[in-house]
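Q: File data.cif below, mmCIF, C-alpha atoms:
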data_coords
#
loop_
_atom_site.label_atom_id
_atom_site.label_comp_id
_atom_site.auth_asym_id
_atom_site.auth_seq_id
_atom_site.Cartn_x
_atom_site.Cartn_y
_atom_site.Cartn_z
CA MET A 1 -76.68 175.27 205.37
CA ALA A 2 -73.39 173.36 205.69
CA LYS A 3 -70.07 175.03 206.39
CA ARG A 4 -67.90 176.09 203.47
CA ASP A 5 -65.62 173.49 201.88
CA GLY A 6 -62.00 174.18 200.98
CA TYR A 7 -60.97 176.22 204.01
CA ILE A 8 -57.34 175.98 205.12
CA SER A 9 -56.03 174.15 208.18
CA TRP A 10 -54.45 175.95 211.12
CA ASP A 11 -51.02 174.80 209.92
CA GLU A 12 -51.65 176.23 206.44
CA PHE A 13 -52.99 179.45 207.97
CA PHE A 14 -49.91 180.00 210.13
CA MET A 15 -47.51 179.00 207.36
CA GLY A 16 -49.40 181.44 205.13
CA ALA A 17 -48.80 184.15 207.74
CA ALA A 18 -45.09 183.27 207.75
CA MET A 19 -44.97 183.41 203.96
CA LEU A 20 -46.77 186.77 203.95
CA CYS A 21 -44.19 188.09 206.43
CA ALA A 22 -41.45 186.92 204.06
CA GLU A 23 -42.81 189.39 201.52
CA ARG A 24 -41.52 192.20 203.78
CA SER A 25 -37.91 191.03 203.34
CA LYS A 26 -35.78 193.18 201.07
CA ASP A 27 -33.22 190.40 200.61
CA PRO A 28 -32.90 189.94 196.82
CA ASN A 29 -32.05 186.23 197.16
CA THR A 30 -33.82 184.62 200.10
CA GLN A 31 -37.09 185.74 201.63
CA VAL A 32 -38.04 183.87 204.79
CA GLY A 33 -40.79 184.67 207.26
CA ALA A 34 -41.68 183.18 210.63
CA CYS A 35 -44.83 183.01 212.71
CA ILE A 36 -44.87 181.95 216.39
CA VAL A 37 -48.12 180.51 217.74
CA ASN A 38 -49.22 179.38 221.20
CA ASP A 39 -51.10 176.19 222.04
CA GLU A 40 -54.43 178.04 221.69
CA ASN A 41 -53.65 178.88 218.03
CA ARG A 42 -53.01 182.54 218.81
CA ILE A 43 -50.24 184.34 216.95
CA LEU A 44 -47.63 185.60 219.41
CA SER A 45 -45.18 187.14 216.97
CA VAL A 46 -43.92 187.29 213.40
CA GLY A 47 -40.61 188.14 211.77
CA TYR A 48 -38.73 188.15 208.48
CA ASN A 49 -35.14 188.27 207.23
CA GLY A 50 -33.79 191.77 207.54
CA PHE A 51 -31.20 194.06 209.06
CA PRO A 52 -31.42 195.15 212.71
CA ALA A 53 -33.43 198.28 213.46
CA GLY A 54 -31.46 201.38 212.53
CA CYS A 55 -29.27 199.57 209.99
CA GLY A 56 -30.38 200.95 206.64
CA ASP A 57 -31.47 198.62 203.85
CA ASP A 58 -29.63 200.83 201.36
CA VAL A 59 -26.44 201.12 203.44
CA PHE A 60 -25.62 197.53 204.38
CA PRO A 61 -24.68 194.87 201.79
CA TRP A 62 -27.12 192.36 200.31
CA ASP A 63 -24.39 190.42 198.47
CA ARG A 64 -24.05 186.68 199.07
CA SER A 65 -20.35 186.53 198.26
CA GLY A 66 -17.35 188.80 198.25
CA ASP A 67 -13.63 188.95 198.91
CA ASP A 68 -14.33 189.85 202.54
CA PRO A 69 -17.31 188.51 204.56
CA TYR A 70 -17.58 192.08 205.92
CA ASP A 71 -19.04 193.02 202.54
CA THR A 72 -21.72 190.30 202.48
CA LYS A 73 -25.17 190.13 204.08
CA TYR A 74 -24.33 187.21 206.37
CA LEU A 75 -22.69 189.27 209.10
CA TYR A 76 -25.67 191.64 209.31
CA VAL A 77 -29.00 190.01 208.47
CA CYS A 78 -31.22 188.80 211.32
CA HIS A 79 -33.10 185.67 210.31
CA ALA A 80 -36.89 185.52 210.46
CA GLU A 81 -36.89 183.13 213.42
CA LEU A 82 -34.67 185.37 215.55
CA ASN A 83 -36.66 188.46 214.60
CA ALA A 84 -39.92 186.75 215.56
CA ILE A 85 -38.44 185.73 218.93
CA LEU A 86 -37.06 189.22 219.58
CA ASN A 87 -40.32 190.86 218.50
CA CYS A 88 -42.03 189.17 221.46
CA ARG A 89 -40.18 191.60 223.71
CA GLY A 90 -39.72 189.17 226.60
CA ARG A 91 -43.18 187.54 226.50
CA SER A 92 -43.01 183.82 227.27
CA LEU A 93 -42.80 181.51 224.28
CA ALA A 94 -42.77 178.36 226.42
CA GLY A 95 -44.54 175.51 224.65
CA SER A 96 -45.19 177.46 221.45
CA ARG A 97 -44.55 176.46 217.83
CA ILE A 98 -42.82 178.37 215.08
CA TYR A 99 -43.79 178.19 211.41
CA VAL A 100 -41.01 178.92 208.95
CA ALA A 101 -40.52 178.33 205.23
CA LEU A 102 -36.92 177.15 205.50
CA PHE A 103 -35.53 174.79 208.14
CA PRO A 104 -33.73 176.91 210.78
CA CYS A 105 -29.97 177.35 210.81
CA ASN A 106 -27.94 176.37 213.86
CA GLU A 107 -27.90 179.94 215.24
CA CYS A 108 -31.69 180.22 215.03
CA ALA A 109 -32.02 176.72 216.49
CA LYS A 110 -30.18 177.92 219.61
CA ALA A 111 -32.58 180.85 219.99
CA ILE A 112 -35.60 178.60 219.38
CA ILE A 113 -34.48 176.17 222.07
CA GLN A 114 -33.55 178.88 224.57
CA SER A 115 -36.89 180.69 224.10
CA GLY A 116 -38.90 177.56 224.97
CA ILE A 117 -40.43 176.91 221.55
CA LYS A 118 -41.31 173.21 221.41
CA GLU A 119 -42.09 172.63 217.73
CA VAL A 120 -40.77 173.85 214.38
CA VAL A 121 -43.08 173.50 211.37
CA TYR A 122 -41.26 174.06 208.08
CA LEU A 123 -41.85 173.82 204.34
CA SER A 124 -38.38 173.27 202.90
CA ASP A 125 -35.27 171.52 204.12
CA LYS A 126 -33.19 172.26 201.03
CA TYR A 127 -30.00 172.66 203.07
CA ALA A 128 -30.51 169.37 204.97
CA GLU A 129 -26.98 168.15 204.24
CA THR A 130 -25.19 171.27 205.46
CA SER A 131 -23.37 171.28 208.78
CA SER A 132 -25.62 174.11 209.98
CA THR A 133 -28.87 172.19 209.43
CA ARG A 134 -27.42 168.95 210.74
CA ALA A 135 -26.34 170.80 213.89
CA SER A 136 -29.85 172.28 214.23
CA LYS A 137 -31.42 168.83 214.13
CA ARG A 138 -28.88 167.48 216.59
CA MET A 139 -29.69 170.26 219.05
CA PHE A 140 -33.47 169.97 218.50
CA ASP A 141 -33.29 166.22 219.13
CA ALA A 142 -31.25 166.70 222.31
CA ALA A 143 -33.56 169.45 223.61
CA GLY A 144 -36.79 167.67 222.71
CA VAL A 145 -37.90 170.20 220.09
CA LYS A 146 -40.13 168.50 217.53
CA TYR A 147 -39.71 169.41 213.87
CA THR A 148 -42.42 168.71 211.34
CA LYS A 149 -42.45 169.17 207.58
CA LEU A 150 -45.74 170.73 206.49
CA VAL A 151 -47.32 169.03 203.51
CA PRO A 152 -49.94 171.55 202.38
CA THR A 153 -53.19 170.47 200.80
CA LYS A 154 -53.15 173.51 198.50
CA LYS A 155 -50.43 174.56 196.08
CA GLU A 156 -50.94 178.25 196.76
CA LEU A 157 -52.94 180.75 198.77
CA VAL A 158 -54.14 183.83 196.93
CA LEU A 159 -54.89 187.03 198.81
CA ASN A 160 -57.29 189.47 197.26
CA LEU A 161 -56.46 193.06 198.21
CA ARG A 162 -59.03 194.87 196.05
CA GLU A 163 -61.96 196.39 197.87
CA GLU A 164 -64.43 195.50 195.12
CA ASP A 165 -63.62 191.80 195.56
CA ILE A 166 -64.50 191.67 199.25
#
Would you write out, as structure tokens, the structure that this file holds?

A:
Amino acid sequence: MAKRDGYISWDEFFMGAAMLCAERSKDPNTQVGACIVNDENRILSVGYNGFPAGCGDDVFPWDRSGDDPYDTKYLYVCHAELNAILNCRGRSLAGSRIYVALFPCNECAKAIIQSGIKEVVYLSDKYAETSSTRASKRMFDAAGVKYTKLVPTKKELVLNLREEDI
């Protein structure tokens, strides 16, 4: 008997894990997840956009705009990439890759570089022309961090969570 056809690649698997993590985000506008993997294709950590531990999801603002930045999410939300790095709790990420739906901002790029991650695999670069993304690419280029756009072979991955379908 031959192996099954239609299985997903490692890149699609890890991006799928990142996308599944994004489903944990309570952000009403942007849900991003991240998955960090070593060179042996082992998941080291995951993360998603959210507030720091102890900062209640119902207490802090989720607004994108306001009269005062103090009343918007941007001063409080930790991005998926940073959460995934911090969730490693000091374990070495040297030489690893990070899978993320959205190209990292400049602040996450700094953390990615400093943690030793050597490749960023992303799905979307919709903010490519912003100063933040341009700065990320400039730093990645200078630090030798490769960035690769994932072109999936499947449009979607469907997870079946019903016991009778297993």

Q: Return as a compact mmCIF listing (two decimals) with C-alpha atoms, in the frame of the given file the set of residues that the PyMOL selection byres ((chain A and resi 123) around 7) yields on the displayed structure.

A:
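Everything below was put into selection-v8.txt:
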# COMPACT_ATOMS: atom_id res chain seq x y z
CA VAL A 100 -41.01 178.92 208.95
CA ALA A 101 -40.52 178.33 205.23
CA LEU A 102 -36.92 177.15 205.50
CA TYR A 122 -41.26 174.06 208.08
CA SER A 124 -38.38 173.27 202.90
CA ASP A 125 -35.27 171.52 204.12
CA LYS A 149 -42.45 169.17 207.58
CA LEU A 150 -45.74 170.73 206.49

Q: When you count all atoms listed in the file, which of these residues is closest to Asn87 of chain A: A:Ala53, A:Ala142, A:Ala109, A:Ala17?

A: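 Under the stated criterion, the closest residue is A:Ala53.
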
Q: Can I get the residues of segment 86-125 of chain A within 9 Å of segment 44-48 of chain A, each with the closest pair of atoms and their distance in Å to one decimal, using all atoms listed in the file, sorted chain first then ascending number, as JSON lines?

A:
{"residue": "A:Leu86", "atom": "CA", "partner": "A:Gly47", "partner_atom": "CA", "distance": 8.6}
{"residue": "A:Asn87", "atom": "CA", "partner": "A:Ser45", "partner_atom": "CA", "distance": 6.3}
{"residue": "A:Cys88", "atom": "CA", "partner": "A:Ser45", "partner_atom": "CA", "distance": 5.8}
{"residue": "A:Arg91", "atom": "CA", "partner": "A:Leu44", "partner_atom": "CA", "distance": 8.6}
{"residue": "A:Leu93", "atom": "CA", "partner": "A:Leu44", "partner_atom": "CA", "distance": 8.0}
{"residue": "A:Ser96", "atom": "CA", "partner": "A:Leu44", "partner_atom": "CA", "distance": 8.7}

Q: Using only C-alpha atoms, can you tell me which of A:Met139, A:Phe13, A:Ala2, A:Lys155 comes closest to Asn41 of chain A?

A: A:Phe13

Q: Taking all atoms listed in the file into account, name the residue in A:Ser25, A:Asn83, A:Thr148, A:Asn160 that is nearest to Asp57 of chain A.

A: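 That would be A:Ser25, the residue with the smallest distance to Asp57 of chain A.
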
Q: Work out how far atom CA of Val151 of chain A is from atom CA of Ile117 of chain A, in Å to one decimal.

A: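 Here the two named atoms are 20.9 Å from each other.
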
Q: Go ahead and compute the interatomic distance for atom CA of Tyr74 of chain A and atom CA of Pro28 of chain A, in Å to one decimal.

A: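 Separating atom CA of Tyr74 of chain A from atom CA of Pro28 of chain A is a distance of 13.1 Å.
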
Q: With only C-alpha atoms as the atoms that count, which of A:Asp27, A:Ser9, A:Cys78, A:Val37 lies nearest to Pro52 of chain A?

A: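 For Pro52 of chain A, the nearest of the given residues is A:Cys78.
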
Q: Can you work out the spacing between atom CA of Ile36 of chain A and atom CA of Thr133 of chain A in Å, to one decimal?

A: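 These two atoms are separated by 20.0 Å.
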
Q: Which neighbours of Phe140 of chain A fall inside 9 Å, counting all atoms listed in the file, when residues of the same chain fewer than 2 positions from it are skipped, and could you give them as a VMD selection string?

A: chain A and resid 109 to 110 112 to 113 118 135 to 138 142 to 147

Q: Would you list the residues near (-53.3, 176.6, 209.2), meaning any protein, DNA or RNA residue with an atom at most 12 Å from that point in file coordinates, counting only C-alpha atoms, as a list in words?

A: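 Counting only C-alpha atoms, I find these residues within 12 Å of (-53.3, 176.6, 209.2): Tyr7, Ile8, Ser9, Trp10, Asp11, Glu12, Phe13, Phe14, Met15, Gly16, Ala17, Ala18, Met19, Cys35, Val37, Asn41, Arg42, Ile43, Tyr99, Val121, Leu150, Val151, Pro152, Thr153, Lys154 and Leu157 of chain A.
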
Q: Find the residue from A:Arg162, A:Asp63, A:Leu75, A:Val32 that sits nearest to Phe51 of chain A; use all atoms listed in the file when measuring.

A: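 The shortest atom-to-atom distance to Phe51 of chain A comes from A:Leu75.
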
Q: Here is a test: counting all atoms listed in the file, which residue of A:Pro104, A:Gly116, A:Gly95, A:Gly6 is nearest to Asp39 of chain A?

A: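 Of the candidates, the smallest distance to Asp39 of chain A is held by A:Gly95.
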
Q: Using the incomplete input, complete segment 123-134 of chain A to the level of all heavy atoms; output as an mmCIF file, keeping the file's coordinate frame.

A:
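Done, and the output landed in out-v8.cif:
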data_model
loop_
_atom_site.group_PDB
_atom_site.id
_atom_site.type_symbol
_atom_site.label_atom_id
_atom_site.label_comp_id
_atom_site.auth_asym_id
_atom_site.auth_seq_id
_atom_site.Cartn_x
_atom_site.Cartn_y
_atom_site.Cartn_z
ATOM 1 N N LEU A 123 -41.489 174.260 205.684
ATOM 2 C CA LEU A 123 -41.850 173.820 204.340
ATOM 3 C C LEU A 123 -40.704 173.136 203.616
ATOM 4 O O LEU A 123 -40.857 172.101 203.010
ATOM 5 C CB LEU A 123 -42.317 175.004 203.484
ATOM 6 C CG LEU A 123 -43.740 175.469 203.631
ATOM 7 C CD1 LEU A 123 -43.995 176.691 202.742
ATOM 8 C CD2 LEU A 123 -44.725 174.368 203.305
ATOM 9 N N SER A 124 -39.522 173.754 203.674
ATOM 10 C CA SER A 124 -38.380 173.270 202.900
ATOM 11 C C SER A 124 -37.195 172.949 203.804
ATOM 12 O O SER A 124 -36.933 173.654 204.779
ATOM 13 C CB SER A 124 -37.953 174.336 201.884
ATOM 14 O OG SER A 124 -36.753 173.952 201.233
ATOM 15 N N ASP A 125 -36.501 171.895 203.436
ATOM 16 C CA ASP A 125 -35.270 171.520 204.120
ATOM 17 C C ASP A 125 -34.166 171.377 203.071
ATOM 18 O O ASP A 125 -33.398 170.415 203.058
ATOM 19 C CB ASP A 125 -35.485 170.203 204.879
ATOM 20 C CG ASP A 125 -34.386 169.913 205.882
ATOM 21 O OD1 ASP A 125 -33.519 170.775 206.108
ATOM 22 O OD2 ASP A 125 -34.388 168.797 206.434
ATOM 23 N N LYS A 126 -34.102 172.366 202.172
ATOM 24 C CA LYS A 126 -33.190 172.260 201.030
ATOM 25 C C LYS A 126 -31.709 172.273 201.407
ATOM 26 O O LYS A 126 -30.879 171.889 200.607
ATOM 27 C CB LYS A 126 -33.494 173.313 199.971
ATOM 28 C CG LYS A 126 -33.172 174.738 200.337
ATOM 29 C CD LYS A 126 -33.510 175.656 199.169
ATOM 30 C CE LYS A 126 -33.218 177.095 199.461
ATOM 31 N NZ LYS A 126 -33.514 177.943 198.319
ATOM 32 N N TYR A 127 -31.399 172.680 202.623
ATOM 33 C CA TYR A 127 -30.000 172.660 203.070
ATOM 34 C C TYR A 127 -29.758 171.541 204.083
ATOM 35 O O TYR A 127 -28.876 171.625 204.923
ATOM 36 C CB TYR A 127 -29.625 174.014 203.675
ATOM 37 C CG TYR A 127 -29.763 175.153 202.696
ATOM 38 C CD1 TYR A 127 -30.719 176.155 202.878
ATOM 39 C CD2 TYR A 127 -28.956 175.221 201.562
ATOM 40 C CE1 TYR A 127 -30.851 177.186 201.968
ATOM 41 C CE2 TYR A 127 -29.088 176.249 200.648
ATOM 42 C CZ TYR A 127 -30.034 177.234 200.863
ATOM 43 O OH TYR A 127 -30.170 178.251 199.955
ATOM 44 N N ALA A 128 -30.542 170.474 203.997
ATOM 45 C CA ALA A 128 -30.510 169.370 204.970
ATOM 46 C C ALA A 128 -29.114 168.794 205.171
ATOM 47 O O ALA A 128 -28.777 168.354 206.272
ATOM 48 C CB ALA A 128 -31.466 168.268 204.537
ATOM 49 N N GLU A 129 -28.299 168.779 204.143
ATOM 50 C CA GLU A 129 -26.980 168.150 204.240
ATOM 51 C C GLU A 129 -25.883 169.091 204.726
ATOM 52 O O GLU A 129 -24.732 168.655 204.880
ATOM 53 C CB GLU A 129 -26.596 167.534 202.892
ATOM 54 C CG GLU A 129 -27.566 166.442 202.425
ATOM 55 C CD GLU A 129 -27.789 165.356 203.463
ATOM 56 O OE1 GLU A 129 -26.807 164.886 204.086
ATOM 57 O OE2 GLU A 129 -28.964 164.979 203.679
ATOM 58 N N THR A 130 -26.216 170.347 204.977
ATOM 59 C CA THR A 130 -25.190 171.270 205.460
ATOM 60 C C THR A 130 -24.907 171.040 206.934
ATOM 61 O O THR A 130 -25.756 170.527 207.679
ATOM 62 C CB THR A 130 -25.612 172.741 205.256
ATOM 63 O OG1 THR A 130 -26.752 173.008 206.086
ATOM 64 C CG2 THR A 130 -25.936 173.030 203.792
ATOM 65 N N SER A 131 -23.734 171.421 207.367
ATOM 66 C CA SER A 131 -23.370 171.280 208.780
ATOM 67 C C SER A 131 -24.311 172.084 209.667
ATOM 68 O O SER A 131 -24.673 171.643 210.763
ATOM 69 C CB SER A 131 -21.922 171.749 208.997
ATOM 70 O OG SER A 131 -21.040 170.916 208.304
ATOM 71 N N SER A 132 -24.731 173.256 209.205
ATOM 72 C CA SER A 132 -25.620 174.110 209.980
ATOM 73 C C SER A 132 -26.961 173.430 210.269
ATOM 74 O O SER A 132 -27.431 173.400 211.408
ATOM 75 C CB SER A 132 -25.852 175.430 209.232
ATOM 76 O OG SER A 132 -26.821 176.204 209.887
ATOM 77 N N THR A 133 -27.568 172.851 209.248
ATOM 78 C CA THR A 133 -28.870 172.190 209.430
ATOM 79 C C THR A 133 -28.711 170.899 210.220
ATOM 80 O O THR A 133 -29.538 170.586 211.086
ATOM 81 C CB THR A 133 -29.536 171.926 208.072
ATOM 82 O OG1 THR A 133 -29.721 173.179 207.413
ATOM 83 C CG2 THR A 133 -30.882 171.254 208.242
ATOM 84 N N ARG A 134 -27.656 170.166 209.973
ATOM 85 C CA ARG A 134 -27.420 168.950 210.740
ATOM 86 C C ARG A 134 -27.227 169.272 212.221
ATOM 87 O O ARG A 134 -27.741 168.566 213.102
ATOM 88 C CB ARG A 134 -26.218 168.191 210.171
ATOM 89 C CG ARG A 134 -26.539 167.585 208.800
ATOM 90 C CD ARG A 134 -25.358 166.907 208.090
ATOM 91 N NE ARG A 134 -24.465 166.165 208.952
ATOM 92 C CZ ARG A 134 -23.148 166.383 209.035
ATOM 93 N NH1 ARG A 134 -22.574 167.307 208.289
ATOM 94 N NH2 ARG A 134 -22.402 165.653 209.823
#
